[in-house]
Amino acid sequence: MTVDYLSTLNSKGSGLNITQLVGSIVDAEIEPAKALVNDKSSANDLFVSEVGMMRSRMSALQTGLQSAGTGGLFNLKSSSEAVSMTVTDSSALSAGVTQLGVTQLASVQVLEFGGFSAADATLSAGTLTVEVGAWENGTFSANGDVGSRLITLSSSSTLSDLAAELDGLDGITAQVVDKGNGTFSLSVVSEMGKENALRFTASTGGPADFDTTDGSNEVTAASNAEIVLNGITLERPSNRLSDIMPGVELTLASVTSSAASLNVVQDRVGATAQLQALVSDINTLRSYLDTATARGFNGAASGALAGDAGIAAIKRELSALTTAPLNGFGSEPLYLSEIGVRTELDGTLSLDEELLNDVFETSPEKFQAVYQSLYTIEQSNLGVSFGFTSQPPEGVYNFVYDADAETATINGQSLSSRRNSEGQQEFYRLTGDFDGITIKVLEGVPVDSEVYIGVSLVDKLSKYFEGVLGKQGEILAKETYFREKATEYIEALSDLDERAVVLEARELKRFAKMEQMVTQLKSTGEYITTMMDAWSKSD
């Protein structure tokens with residue numbers, strides 16, 4: 001108990017415990033306000049903690065999605081480290097074994113022009129004609145699809161200037177290198193493949209040090225990869241082969257002493273386990289959201305996130321993603337229930353393995369739609385692709401070609417036209433919904449066709465989590481808002497403490513004046529009493 005020394009020493013005052021009385025007055029005004037702020041702060045802290053938990057659980061599922069169903073229904077196995085396999089289109093995979101031997105790797109052409117005293121050594125004025133083609137037994141054959149390029153050098157041009165000019169040309173990498181022995185060399189590297197070799201022709205009296213018309217200055221010759229596919233010898237201009245096995249890209253690392261066995265194996269047990277794990281992970285997150293957003297009816301405890309509209313919207317969106325159809329995997333929408341993933345009355349997912357096995361047997365492409373997005377075009381003489389950052393809308397769209405005007409559209413939107421380096425006609429678009437699309441005419445003339453754009457369940461979920469957990473997402477917005485509220489509550493408590501100090505000082509001052517008045521009244525009363533006593537005695 002606080003001792004009021006002022007009241008104790010001032011025995012002529014009111015006798016009240018002023019300090020205790022003032023403390024009670026201050027507490028009566030400040031403590032209810034503090035209790036209210038503390039209650040709000042505790043609820044806010046709980047919300048921040050729960051949103052952090054929600055982020056953690058969503059991030060865990062997002063991480064799992066990154067590796068979910070990498071090969072879908074199929075496993076890829078290579079018997080040799082010289083040849084690796086990567087899935088590019090799981091819908092095109094089919095079980096089987098391919099024998100592939102590598103007798104030669106593709107390589108670039110490397111040219112070296114050496115003996116220069118410095119990187120800024122000046123060169124002879126003149127022109128240098130650069131051509132792309134193939135060298136065969138000392139004879140160069142220019143590639144007619146790639147025109148020659150002309151570089152002009154002045155009397156002040158340096159070795160570094162020439163390197164920059166060459167490096168700016170398509171298909172060429174050039175740089176000046178310090179040999180470490182007091183001399184500098186110009187290194188020039190072509191693109192990979194026999195048909196991408198280079199020939200430099202110097203003008204008369206010009207930069208003759210860089211003329212390679214006699215096949216000189218070659219460190220490494222450009223060459224194609226030579227492979228033996230099931231006994232058939234083939235050549236390819238790259239060590240990355242995407243046209244050997246449907247849906248698979250092969251990467252050649254070294255020459256083989258014997259043929260490598262490349263296996264595409266259907267793994268129903270593994271595929272079923274993958275899908276069951278995905279269903280379980282989605283159910284786990286949904287169960288957590290159900291608990292966190294529970295309203296607490298009939299006496300049950302409410303969840304920490306109950307009543308928050310933003311969190312409720314996330315819950316609804318996740319539910320919609322797992323029940324909405326997958327469009328663009330055929331002329332009709334594909335529902336998860338068709339492959340055995342069913343939505344129960346409580347919203348959880350279940351897997352009917354018997355139905356799934358039927359799908360493996362009759363329509364394996366439906367299973368692949370869970371994991372692999374698909375961009376295809378109906379007509380075989382056309383090919384469709386999208387840029388890496390493109391996000392086209394799922395669905396089935398009409399590609400229409402006007403032969404008279406030589407123009408084309410997709411879903412009514414105009415496409416631009418061009419010829420690629422292989423001379424093939426391409427139609428493309430750089431804006432709008434179909435930004436990044438390229439429709440290539442593989443052979444013949446363009447024809448009207450259906451374009452199928454299917455976005456897999458895994459890609460849909462991944463995109464959604466990327467958005468909701470990102471810098472502009474709902475979760476970060478919630479965390480930021482409630483952290484700011486936490487700061488406000490701390491400041492509010494600090495303000496109440498300051499207010500309590502001011503209030504205490506004010507009340508102490510008021511009671512001090514009261515004590516002063518009481519003391520004066522008592523002194524006056526004693527004086528009057530003394531006088532009256534004296535008068536009584538005198539009588």
# chains A, B, ... in the order shown; residues from 1 in each chain; ligands from 1

$ select_by_dssp --residues "range 158-396 of chain A" --states "helix (DSSP H, G or I)" --output "PyMOL selection string"
chain A and resi 159-167+194-196+208-210+268-292+297-299+309-323+336-339+353-362+364-368

$ closest_atom_pairs --of "range 304-356 of chain A" --to "range 453-475 of chain A" --cutoff "7 Å" --atoms "only C-alpha atoms" --output "Markdown table"
| residue | atom | partner | partner_atom | distance |
| --- | --- | --- | --- | --- |
| A:Leu326 | CA | A:Gly454 | CA | 6.9 |
| A:Asn327 | CA | A:Gly454 | CA | 5.6 |
| A:Gly328 | CA | A:Gly454 | CA | 4.0 |
| A:Phe329 | CA | A:Gly454 | CA | 5.1 |

$ write_last_selection --atoms "all heavy atoms" --output "tab-separated table (two decimals), in the first residue's frame"
chain	number	residue	atom	x	y	z
A	326	LEU	N	-11.39	-27.78	-66.51
A	326	LEU	CA	-10.15	-27.44	-67.20
A	326	LEU	C	-10.48	-27.32	-68.68
A	326	LEU	O	-10.86	-28.31	-69.31
A	326	LEU	CB	-9.09	-28.51	-66.95
A	326	LEU	CG	-8.68	-28.75	-65.50
A	326	LEU	CD1	-7.75	-29.96	-65.39
A	326	LEU	CD2	-8.02	-27.52	-64.92
A	327	ASN	N	-10.37	-26.12	-69.21
A	327	ASN	CA	-10.71	-25.88	-70.61
A	327	ASN	C	-9.47	-25.91	-71.48
A	327	ASN	O	-8.36	-25.66	-71.02
A	327	ASN	CB	-11.41	-24.52	-70.75
A	327	ASN	CG	-12.72	-24.46	-69.98
A	327	ASN	OD1	-13.61	-25.27	-70.20
A	327	ASN	ND2	-12.83	-23.52	-69.06
A	328	GLY	N	-9.69	-26.20	-72.77
A	328	GLY	CA	-8.59	-26.16	-73.73
A	328	GLY	C	-7.87	-27.48	-73.92
A	328	GLY	O	-6.89	-27.55	-74.66
A	329	PHE	N	-8.33	-28.54	-73.24
A	329	PHE	CA	-7.71	-29.86	-73.42
A	329	PHE	C	-8.53	-30.73	-74.38
A	329	PHE	O	-8.38	-31.94	-74.41
A	329	PHE	CB	-7.57	-30.56	-72.07
A	329	PHE	CG	-6.55	-29.90	-71.17
A	329	PHE	CD1	-6.93	-28.96	-70.24
A	329	PHE	CD2	-5.20	-30.22	-71.29
A	329	PHE	CE1	-6.00	-28.35	-69.42
A	329	PHE	CE2	-4.26	-29.61	-70.49
A	329	PHE	CZ	-4.65	-28.67	-69.55

$ residues_around --residues "Phe140 in chain A" --least-positions-apart "4" --cutoff "9 Å" --atoms "only C-alpha atoms" --output "PyMOL selection string"
chain A and resi 133-136+197-199+213+215

$ residues_around --residues "Leu262 in chain A" --least-positions-apart "3" --cutoff "9 Å" --atoms "only C-alpha atoms" --output "MDAnalysis selection string"
chainID A and resid 76:80 83:85 96:100

$ closest_residue --among "A:Thr431, A:Asp170, A:Leu65, A:Val177" --to "Ala119 in chain A" --atoms "only C-alpha atoms"
A:Val177

$ atom_distance --atom1 "CA of Gly193 in chain A" --atom2 "CA of Ala225 in chain A"
7.7 Å

$ select_by_dssp --residues "range 35-122 of chain A" --states "strand (DSSP E or B)" --output "list in words"
Phe74, Asn75, Leu76, Lys77, Ser78, Val83, Ser84, Met85, Thr86, Val87, Gly96, Val97, Thr98, Gln99, Leu100, Gly101, Val102, Thr103, Gln104, Ser107, Val110, Leu111, Glu112, Phe113, Gly114, Gly115, Phe116 and Thr122 of chain A

$ residues_around --residues "range 275-281 of chain A" --least-positions-apart "3" --cutoff "8 Å" --atoms "only C-alpha atoms" --output "mmCIF file with all heavy atoms, in the first residue's frame"
data_model
loop_
_atom_site.group_PDB
_atom_site.id
_atom_site.type_symbol
_atom_site.label_atom_id
_atom_site.label_comp_id
_atom_site.auth_asym_id
_atom_site.auth_seq_id
_atom_site.Cartn_x
_atom_site.Cartn_y
_atom_site.Cartn_z
ATOM 1 N N LEU A 61 2.411 -25.742 -49.784
ATOM 2 C CA LEU A 61 1.711 -26.349 -50.921
ATOM 3 C C LEU A 61 2.269 -25.817 -52.231
ATOM 4 O O LEU A 61 2.441 -26.562 -53.197
ATOM 5 C CB LEU A 61 0.214 -26.061 -50.820
ATOM 6 C CG LEU A 61 -0.663 -26.617 -51.963
ATOM 7 C CD1 LEU A 61 -0.414 -28.099 -52.169
ATOM 8 C CD2 LEU A 61 -2.133 -26.348 -51.689
ATOM 9 N N ALA A 68 5.389 -31.190 -58.526
ATOM 10 C CA ALA A 68 4.275 -32.141 -58.620
ATOM 11 C C ALA A 68 4.147 -32.707 -60.026
ATOM 12 O O ALA A 68 4.075 -31.967 -61.001
ATOM 13 C CB ALA A 68 2.967 -31.469 -58.218
ATOM 14 N N GLY A 69 4.128 -34.017 -60.127
ATOM 15 C CA GLY A 69 3.852 -34.682 -61.398
ATOM 16 C C GLY A 69 4.754 -34.262 -62.526
ATOM 17 O O GLY A 69 4.307 -34.006 -63.633
ATOM 18 N N ALA A 271 2.132 -42.505 -60.465
ATOM 19 C CA ALA A 271 1.226 -41.426 -60.851
ATOM 20 C C ALA A 271 0.051 -41.330 -59.884
ATOM 21 O O ALA A 271 -0.373 -40.233 -59.509
ATOM 22 C CB ALA A 271 0.723 -41.661 -62.279
ATOM 23 N N THR A 272 -0.475 -42.494 -59.475
ATOM 24 C CA THR A 272 -1.579 -42.501 -58.511
ATOM 25 C C THR A 272 -1.132 -41.906 -57.182
ATOM 26 O O THR A 272 -1.855 -41.108 -56.565
ATOM 27 C CB THR A 272 -2.089 -43.945 -58.291
ATOM 28 O OG1 THR A 272 -2.538 -44.479 -59.536
ATOM 29 C CG2 THR A 272 -3.229 -43.966 -57.290
ATOM 30 N N THR A 284 -5.532 -30.727 -46.729
ATOM 31 C CA THR A 284 -4.906 -30.226 -45.500
ATOM 32 C C THR A 284 -5.039 -28.711 -45.403
ATOM 33 O O THR A 284 -5.383 -28.173 -44.343
ATOM 34 C CB THR A 284 -3.416 -30.629 -45.460
ATOM 35 O OG1 THR A 284 -3.321 -32.057 -45.446
ATOM 36 C CG2 THR A 284 -2.736 -30.068 -44.224
ATOM 37 N N LEU A 285 -4.771 -28.015 -46.501
ATOM 38 C CA LEU A 285 -4.902 -26.563 -46.501
ATOM 39 C C LEU A 285 -6.360 -26.164 -46.311
ATOM 40 O O LEU A 285 -6.657 -25.231 -45.547
ATOM 41 C CB LEU A 285 -4.370 -25.985 -47.813
ATOM 42 C CG LEU A 285 -4.494 -24.466 -47.967
ATOM 43 C CD1 LEU A 285 -3.773 -23.732 -46.839
ATOM 44 C CD2 LEU A 285 -3.954 -24.014 -49.324
ATOM 45 N N VAL A 341 -11.128 -37.549 -59.299
ATOM 46 C CA VAL A 341 -10.988 -36.585 -58.194
ATOM 47 C C VAL A 341 -12.355 -35.954 -57.951
ATOM 48 O O VAL A 341 -12.816 -35.135 -58.746
ATOM 49 C CB VAL A 341 -9.938 -35.505 -58.502
ATOM 50 C CG1 VAL A 341 -9.836 -34.519 -57.341
ATOM 51 C CG2 VAL A 341 -8.589 -36.140 -58.775
ATOM 52 N N LEU A 349 -11.636 -33.165 -51.107
ATOM 53 C CA LEU A 349 -11.466 -33.952 -52.324
ATOM 54 C C LEU A 349 -11.180 -35.402 -51.966
ATOM 55 O O LEU A 349 -10.570 -35.696 -50.936
ATOM 56 C CB LEU A 349 -10.315 -33.393 -53.166
ATOM 57 C CG LEU A 349 -10.418 -31.929 -53.599
ATOM 58 C CD1 LEU A 349 -9.185 -31.536 -54.409
ATOM 59 C CD2 LEU A 349 -11.680 -31.670 -54.387
ATOM 60 N N SER A 350 -11.610 -36.310 -52.823
ATOM 61 C CA SER A 350 -11.300 -37.723 -52.656
ATOM 62 C C SER A 350 -10.893 -38.292 -54.003
ATOM 63 O O SER A 350 -11.224 -37.735 -55.054
ATOM 64 C CB SER A 350 -12.505 -38.484 -52.095
ATOM 65 O OG SER A 350 -13.581 -38.465 -53.018
ATOM 66 N N LEU A 351 -10.146 -39.400 -53.968
ATOM 67 C CA LEU A 351 -9.645 -40.000 -55.199
ATOM 68 C C LEU A 351 -10.234 -41.397 -55.384
ATOM 69 O O LEU A 351 -10.081 -42.270 -54.523
ATOM 70 C CB LEU A 351 -8.122 -40.080 -55.164
ATOM 71 C CG LEU A 351 -7.450 -40.694 -56.402
ATOM 72 C CD1 LEU A 351 -7.794 -39.891 -57.646
ATOM 73 C CD2 LEU A 351 -5.942 -40.774 -56.203
#

$ closest_atom_pairs --of "range 472-493 of chain A" --to "range 43-57 of chain A" --cutoff "10 Å" --atoms "only C-alpha atoms" --output "JSON lines"
{"residue": "A:Ile475", "atom": "CA", "partner": "A:Arg55", "partner_atom": "CA", "distance": 6.9}
{"residue": "A:Leu476", "atom": "CA", "partner": "A:Arg55", "partner_atom": "CA", "distance": 8.9}
{"residue": "A:Lys478", "atom": "CA", "partner": "A:Val51", "partner_atom": "CA", "distance": 7.6}
{"residue": "A:Glu479", "atom": "CA", "partner": "A:Val48", "partner_atom": "CA", "distance": 6.1}
{"residue": "A:Thr480", "atom": "CA", "partner": "A:Val48", "partner_atom": "CA", "distance": 9.1}
{"residue": "A:Tyr481", "atom": "CA", "partner": "A:Val48", "partner_atom": "CA", "distance": 9.3}
{"residue": "A:Phe482", "atom": "CA", "partner": "A:Val48", "partner_atom": "CA", "distance": 6.3}
{"residue": "A:Arg483", "atom": "CA", "partner": "A:Val48", "partner_atom": "CA", "distance": 7.1}
{"residue": "A:Lys485", "atom": "CA", "partner": "A:Asn44", "partner_atom": "CA", "distance": 7.4}
{"residue": "A:Ala486", "atom": "CA", "partner": "A:Asn44", "partner_atom": "CA", "distance": 6.7}
{"residue": "A:Tyr489", "atom": "CA", "partner": "A:Asn44", "partner_atom": "CA", "distance": 9.2}

$ write_last_selection --atoms "all heavy atoms" --output "short mmCIF file (atom, residue, chain, number, x, y, z; two decimals), in the first residue's frame"
data_model
loop_
_atom_site.label_atom_id
_atom_site.label_comp_id
_atom_site.auth_asym_id
_atom_site.auth_seq_id
_atom_site.Cartn_x
_atom_site.Cartn_y
_atom_site.Cartn_z
N ILE A 475 -2.31 -11.66 -48.86
CA ILE A 475 -1.67 -12.05 -47.59
C ILE A 475 -0.73 -10.97 -47.09
O ILE A 475 -0.78 -10.58 -45.91
CB ILE A 475 -0.91 -13.38 -47.76
CG1 ILE A 475 -1.88 -14.50 -48.16
CG2 ILE A 475 -0.20 -13.74 -46.47
CD1 ILE A 475 -2.97 -14.76 -47.16
N LEU A 476 0.13 -10.45 -47.96
CA LEU A 476 1.04 -9.40 -47.54
C LEU A 476 0.28 -8.15 -47.14
O LEU A 476 0.64 -7.46 -46.18
CB LEU A 476 2.03 -9.07 -48.66
CG LEU A 476 3.07 -7.99 -48.32
CD1 LEU A 476 3.90 -8.41 -47.12
CD2 LEU A 476 3.97 -7.71 -49.52
N LYS A 478 -2.68 -8.05 -45.80
CA LYS A 478 -3.21 -8.30 -44.45
C LYS A 478 -2.12 -8.15 -43.40
O LYS A 478 -2.31 -7.52 -42.36
CB LYS A 478 -3.80 -9.71 -44.38
CG LYS A 478 -5.06 -9.92 -45.19
CD LYS A 478 -6.22 -9.15 -44.58
CE LYS A 478 -7.50 -9.39 -45.38
NZ LYS A 478 -8.61 -8.52 -44.90
N GLU A 479 -0.98 -8.77 -43.65
CA GLU A 479 0.12 -8.69 -42.69
C GLU A 479 0.56 -7.25 -42.46
O GLU A 479 0.78 -6.83 -41.32
CB GLU A 479 1.30 -9.52 -43.20
CG GLU A 479 1.05 -11.02 -43.16
CD GLU A 479 2.16 -11.81 -43.81
OE1 GLU A 479 2.80 -11.28 -44.76
OE2 GLU A 479 2.39 -12.96 -43.41
N THR A 480 0.66 -6.48 -43.54
CA THR A 480 1.07 -5.08 -43.42
C THR A 480 0.05 -4.28 -42.63
O THR A 480 0.40 -3.50 -41.73
CB THR A 480 1.26 -4.47 -44.82
OG1 THR A 480 2.24 -5.20 -45.53
CG2 THR A 480 1.68 -3.01 -44.71
N TYR A 481 -1.23 -4.49 -42.93
CA TYR A 481 -2.29 -3.74 -42.26
C TYR A 481 -2.28 -4.01 -40.76
O TYR A 481 -2.33 -3.07 -39.94
CB TYR A 481 -3.65 -4.10 -42.85
CG TYR A 481 -4.82 -3.52 -42.10
CD1 TYR A 481 -5.18 -2.18 -42.26
CD2 TYR A 481 -5.57 -4.30 -41.22
CE1 TYR A 481 -6.25 -1.64 -41.57
CE2 TYR A 481 -6.64 -3.77 -40.52
CZ TYR A 481 -6.98 -2.44 -40.69
OH TYR A 481 -8.03 -1.90 -40.00
N PHE A 482 -2.22 -5.26 -40.37
CA PHE A 482 -2.31 -5.59 -38.96
C PHE A 482 -1.01 -5.31 -38.20
O PHE A 482 -1.04 -5.08 -36.99
CB PHE A 482 -2.76 -7.04 -38.78
CG PHE A 482 -4.23 -7.22 -39.08
CD1 PHE A 482 -4.65 -7.75 -40.30
CD2 PHE A 482 -5.19 -6.83 -38.16
CE1 PHE A 482 -6.00 -7.89 -40.59
CE2 PHE A 482 -6.55 -6.96 -38.45
CZ PHE A 482 -6.95 -7.49 -39.66
N ARG A 483 0.10 -5.30 -38.88
CA ARG A 483 1.34 -4.85 -38.22
C ARG A 483 1.27 -3.35 -37.95
O ARG A 483 1.75 -2.88 -36.91
CB ARG A 483 2.55 -5.20 -39.09
CG ARG A 483 2.90 -6.69 -39.07
CD ARG A 483 4.30 -6.94 -39.57
NE ARG A 483 4.61 -8.35 -39.53
CZ ARG A 483 4.69 -9.14 -40.60
NH1 ARG A 483 4.49 -8.63 -41.80
NH2 ARG A 483 4.98 -10.41 -40.49
N LYS A 485 -1.51 -1.79 -37.41
CA LYS A 485 -2.43 -1.67 -36.29
C LYS A 485 -1.73 -1.97 -34.96
O LYS A 485 -1.99 -1.31 -33.95
CB LYS A 485 -3.59 -2.66 -36.47
CG LYS A 485 -4.51 -2.34 -37.64
CD LYS A 485 -5.23 -1.02 -37.49
CE LYS A 485 -6.28 -1.08 -36.40
NZ LYS A 485 -7.07 0.20 -36.32
N ALA A 486 -0.82 -2.94 -34.94
CA ALA A 486 -0.07 -3.26 -33.74
C ALA A 486 0.74 -2.05 -33.28
O ALA A 486 0.81 -1.75 -32.07
CB ALA A 486 0.85 -4.46 -33.98
N TYR A 489 -1.55 0.43 -31.64
CA TYR A 489 -1.95 0.06 -30.28
C TYR A 489 -0.82 0.36 -29.29
O TYR A 489 -1.07 0.79 -28.17
CB TYR A 489 -2.32 -1.42 -30.23
CG TYR A 489 -3.58 -1.75 -31.00
CD1 TYR A 489 -3.67 -2.89 -31.80
CD2 TYR A 489 -4.69 -0.91 -30.95
CE1 TYR A 489 -4.83 -3.18 -32.52
CE2 TYR A 489 -5.85 -1.20 -31.66
CZ TYR A 489 -5.91 -2.33 -32.44
OH TYR A 489 -7.05 -2.62 -33.14
#

$ closest_atom_pairs --of "range 230-331 of chain A" --to "range 183-192 of chain A" --cutoff "12 Å" --atoms "only C-alpha atoms" --output "Markdown table"
| residue | atom | partner | partner_atom | distance |
| --- | --- | --- | --- | --- |
| A:Arg236 | CA | A:Met192 | CA | 9.9 |
| A:Pro237 | CA | A:Met192 | CA | 6.3 |
| A:Ser238 | CA | A:Met192 | CA | 6.1 |
| A:Asn239 | CA | A:Met192 | CA | 8.6 |
| A:Arg240 | CA | A:Met192 | CA | 10.6 |
